[in-house]
Amino acid sequence: MNEIETTQIISEALKQQGIEYVFGIVGIPVVELSMALQSAGLKYIGMRNEQAACYAAQAIGYLTGKPGVCLVVSGPGLLHVIDKSSAGGMANAQLNCWPLLVLGGATNQDHEGIGGFQESPQVELSRPYCKYAARPPTAALIPLHIEKAVRYATYGRPGVSYLDFPGNLLQTKAFREEIYKTLPHGPSPLIYPVHDDIIRAAHLLRSAQRPLVIIGKGAAYAKAENILRHFIENTNFPFLPTPMGKGVVSDTASQCVSPARTLALQRADVILLLGARLNWILHFGRPPRYNKDVRFIQVDICAEELNNSVKATVAIQADIKPFVEQLFEEMNAVNFHFDNNRQWWHQLNEKCQQNREMFLSLAMDTSPPLNYYTVFHHLYQLLPKDAVIVSEGANTMDIGRAVLLNSLPRHRLDAGTFGTMGVGLGFAIAAAFYCRNRCPQKRVICVEGDSAFGFSGMELETMVRYKLPIVCLIINNNGIYGGFDHETFDNLRSDGDLSQVTPPSALSVEVRYERMMEMFGMKGYFCKTIPELQRAIKESLQLIDMPTIINVAIDPASDRKPQSFHWLTESKL
């Protein structure tokens, strides 16, 4: 009567640590574990591919602040979440700094070294992509390892933990009195800035002629939106969000200078970097993207990130909220306000207006075949302003960032730091579950390029099975970056070996992705005109317990607006 099964030990330990969601695919040896998780009250979502499951688990971790769990089988199941094709689930979470816990089944220990079923050195393979990777040696020690894994995934810079469970361990039992007793891990400790650094940062900002604030994904994860909005409104500093920093301060705020981002970055003399890294997305902080004499105030939770790529004038290890709170007090003490009459604001506003007019001229061209700007402009007009927008694809994602605005934090999910394609449907599923359980009236819009959709399109069945009202809008340009029209495509392939005459970037012309809905007795939409698109969006938003696909055929040659410098297309803010 005092014995407890190992699967129950795992489930209860996860529950104790506040874990709520598990995404995965079952098989030997984790079938019984998946059922035990449900019995313990955890939400288990069965996916169609381990990669998509891993993407969903990490997205729920970002949205909730608690690691999502990805449950996988041994061998290939784990390898699919480490690295598959050009993307990797665990690597994506680790580089994106999102909390994730992967639980992997493994071959029986007494089969190791002699060719066991799906035998693989799983702990060793996982370690480069993890903050913590281990195999609990006994059932009694499992709660200790789960507490540690969740704590590592959550504390400091969030990341990934992996725990390995051999089949024979999962089949054992343990006496309750022998099980290691743990407590729920406490909230992440806050790192407060050194006060002298606050003084230096405030002095540098007050003396700047061309200040700029860059708000990163770290500020969104830190839930620093309230104090940041007060800070921006009171100081009137211009700001730019990184892709997933959008909405921390609303994209519609008067201080947002996203339409003039090239000018802002090139001419700023002092940049306050809040929870964003000087990696490829921000061109490493170097010329020609930046003024060679620019001075950075860098704030990051991770000390090792400070002074990365370029040396900061003021480098501060701190959580975003306490830093901004103290900086706000310091600036407010002298009633500092960066006036709209400053020359810097005139330059930024003029450039913003020029680019808005250029965008509007593209967006108002509604003649078929449609372009990206037209589709996104009319989509945005009909979307609820509190919708969660998931997006991936090359031009689809890049142009969508500029046109599909966010007014709320953590309401945009895209390819992120690792630039991973295939994340979209997994992210959307996680966002839909988050909305269902916390804000059921909120909608999830998944905007996919046709190439990106192909990575995980069968997760549509997952959406149907769990009755998730996700609007999946596919921007179909017949290719990767760009494709071809029917006549050109047929002519190119009319003579020769198809593997040699089919362009590497080409996909089939006008694939009818929306007909996938017919598999489930449901309706999808194929659109070539703006009235067709508007009708499809309005009808899709009325659905409350099912997904839908809106397949929008656009001009295969449609592209971004002309860029002033060739290097602007190498990485995007």
# chains A, B, ... in the order shown; residues from 1 in each chain; ligands from 1
call {"tool": "closest_atom_pairs", "arguments": {"of": "region 26-77 of chain A", "to": "region 102-109 of chain A", "cutoff": "12 Å", "atoms": "only C-alpha atoms", "output": "Markdown table"}}
result
| residue | atom | partner | partner_atom | distance |
| --- | --- | --- | --- | --- |
| A:Val26 | CA | A:Gly105 | CA | 9.7 |
| A:Gly27 | CA | A:Gly105 | CA | 8.9 |
| A:Ile28 | CA | A:Gly105 | CA | 7.5 |
| A:Pro29 | CA | A:Gly105 | CA | 5.7 |
| A:Val30 | CA | A:Gly105 | CA | 5.9 |
| A:Val31 | CA | A:Gly105 | CA | 9.6 |
| A:Glu32 | CA | A:Gly105 | CA | 11.1 |
| A:Leu33 | CA | A:Gly105 | CA | 9.5 |
| A:Ser34 | CA | A:Leu103 | CA | 10.8 |
| A:Leu37 | CA | A:Leu103 | CA | 12.0 |
| A:Glu50 | CA | A:Val102 | CA | 10.7 |
| A:Gln51 | CA | A:Val102 | CA | 11.6 |
| A:Ala53 | CA | A:Val102 | CA | 10.2 |
| A:Cys54 | CA | A:Val102 | CA | 7.9 |
| A:Tyr55 | CA | A:Val102 | CA | 11.2 |
| A:Ala56 | CA | A:Val102 | CA | 11.8 |
| A:Ala57 | CA | A:Val102 | CA | 8.8 |
| A:Gln58 | CA | A:Val102 | CA | 9.7 |
| A:Gly61 | CA | A:Val102 | CA | 11.9 |
| A:Pro67 | CA | A:Val102 | CA | 9.4 |
| A:Gly68 | CA | A:Val102 | CA | 8.4 |
| A:Val69 | CA | A:Val102 | CA | 5.6 |
| A:Cys70 | CA | A:Val102 | CA | 4.7 |
| A:Leu71 | CA | A:Leu103 | CA | 4.9 |
| A:Val72 | CA | A:Gly104 | CA | 5.0 |
| A:Val73 | CA | A:Gly105 | CA | 4.8 |
| A:Ser74 | CA | A:Ala106 | CA | 4.4 |
| A:Gly75 | CA | A:Ala106 | CA | 6.9 |
| A:Pro76 | CA | A:Ala106 | CA | 10.3 |
| A:Gly77 | CA | A:Gly104 | CA | 7.9 |
call {"tool": "residues_around", "arguments": {"residues": "region 92-95 of chain A", "least_positions_apart": "4", "cutoff": "6 Å", "atoms": "only C-alpha atoms", "output": "list in words"}}
result
Gly88, Gly159, Val160 and Phe418 of chain A
call {"tool": "select_by_dssp", "arguments": {"residues": "region 6-217 of chain A", "states": "strand (DSSP E or B)", "output": "PyMOL selection string"}}
result
chain A and resi 21-24+43-46+68-72+84+87+100-106+132-134+160-166+173-175+211-215
call {"tool": "atom_distance", "arguments": {"atom1": "CA of Ile271 (chain A)", "atom2": "CA of Ala318 (chain A)"}}
result
16.9 Å
call {"tool": "closest_residue", "arguments": {"among": "A:Val375, A:Val444, A:Ile45, A:Leu100", "to": "Ile474 (chain A)", "atoms": "only C-alpha atoms"}}
result
A:Val375
call {"tool": "closest_residue", "arguments": {"among": "A:Cys527, A:Pro368, A:Arg356, A:Ala59", "to": "Val390 (chain A)", "atoms": "only C-alpha atoms"}}
result
A:Ala59
call {"tool": "atom_distance", "arguments": {"atom1": "CA of Ile281 (chain A)", "atom2": "CA of Asn308 (chain A)"}}
result
13.6 Å
call {"tool": "residues_around", "arguments": {"residues": "Ile10 (chain A)", "least_positions_apart": "6", "cutoff": "10 Å", "atoms": "only C-alpha atoms", "output": "compact mmCIF listing (two decimals) with C-alpha atoms, in the first residue's frame"}}
result
# COMPACT_ATOMS: atom_id res chain seq x y z
CA GLN A 16 4.18 20.15 -7.42
CA LEU A 33 3.61 8.08 -18.34
CA ALA A 36 -0.29 9.20 -15.51
CA LEU A 37 0.28 12.86 -16.36
CA ALA A 40 -2.38 13.92 -12.03
CA LEU A 103 11.29 14.32 -20.81
CA ALA A 139 12.83 6.48 -8.75
CA ILE A 142 13.13 11.82 -9.36
CA PRO A 143 11.47 14.71 -7.46
CA HIS A 145 15.86 16.15 -10.43
CA ILE A 146 12.51 17.55 -11.56
CA LEU A 170 9.55 3.80 -15.74
call {"tool": "atom_distance", "arguments": {"atom1": "CA of Ile429 (chain A)", "atom2": "CA of Gly457 (chain A)"}}
result
12.2 Å
call {"tool": "closest_residue", "arguments": {"among": "A:Val150, A:Leu141, A:Leu190, A:Ala91", "to": "Thr417 (chain A)", "atoms": "only C-alpha atoms"}}
result
A:Ala91
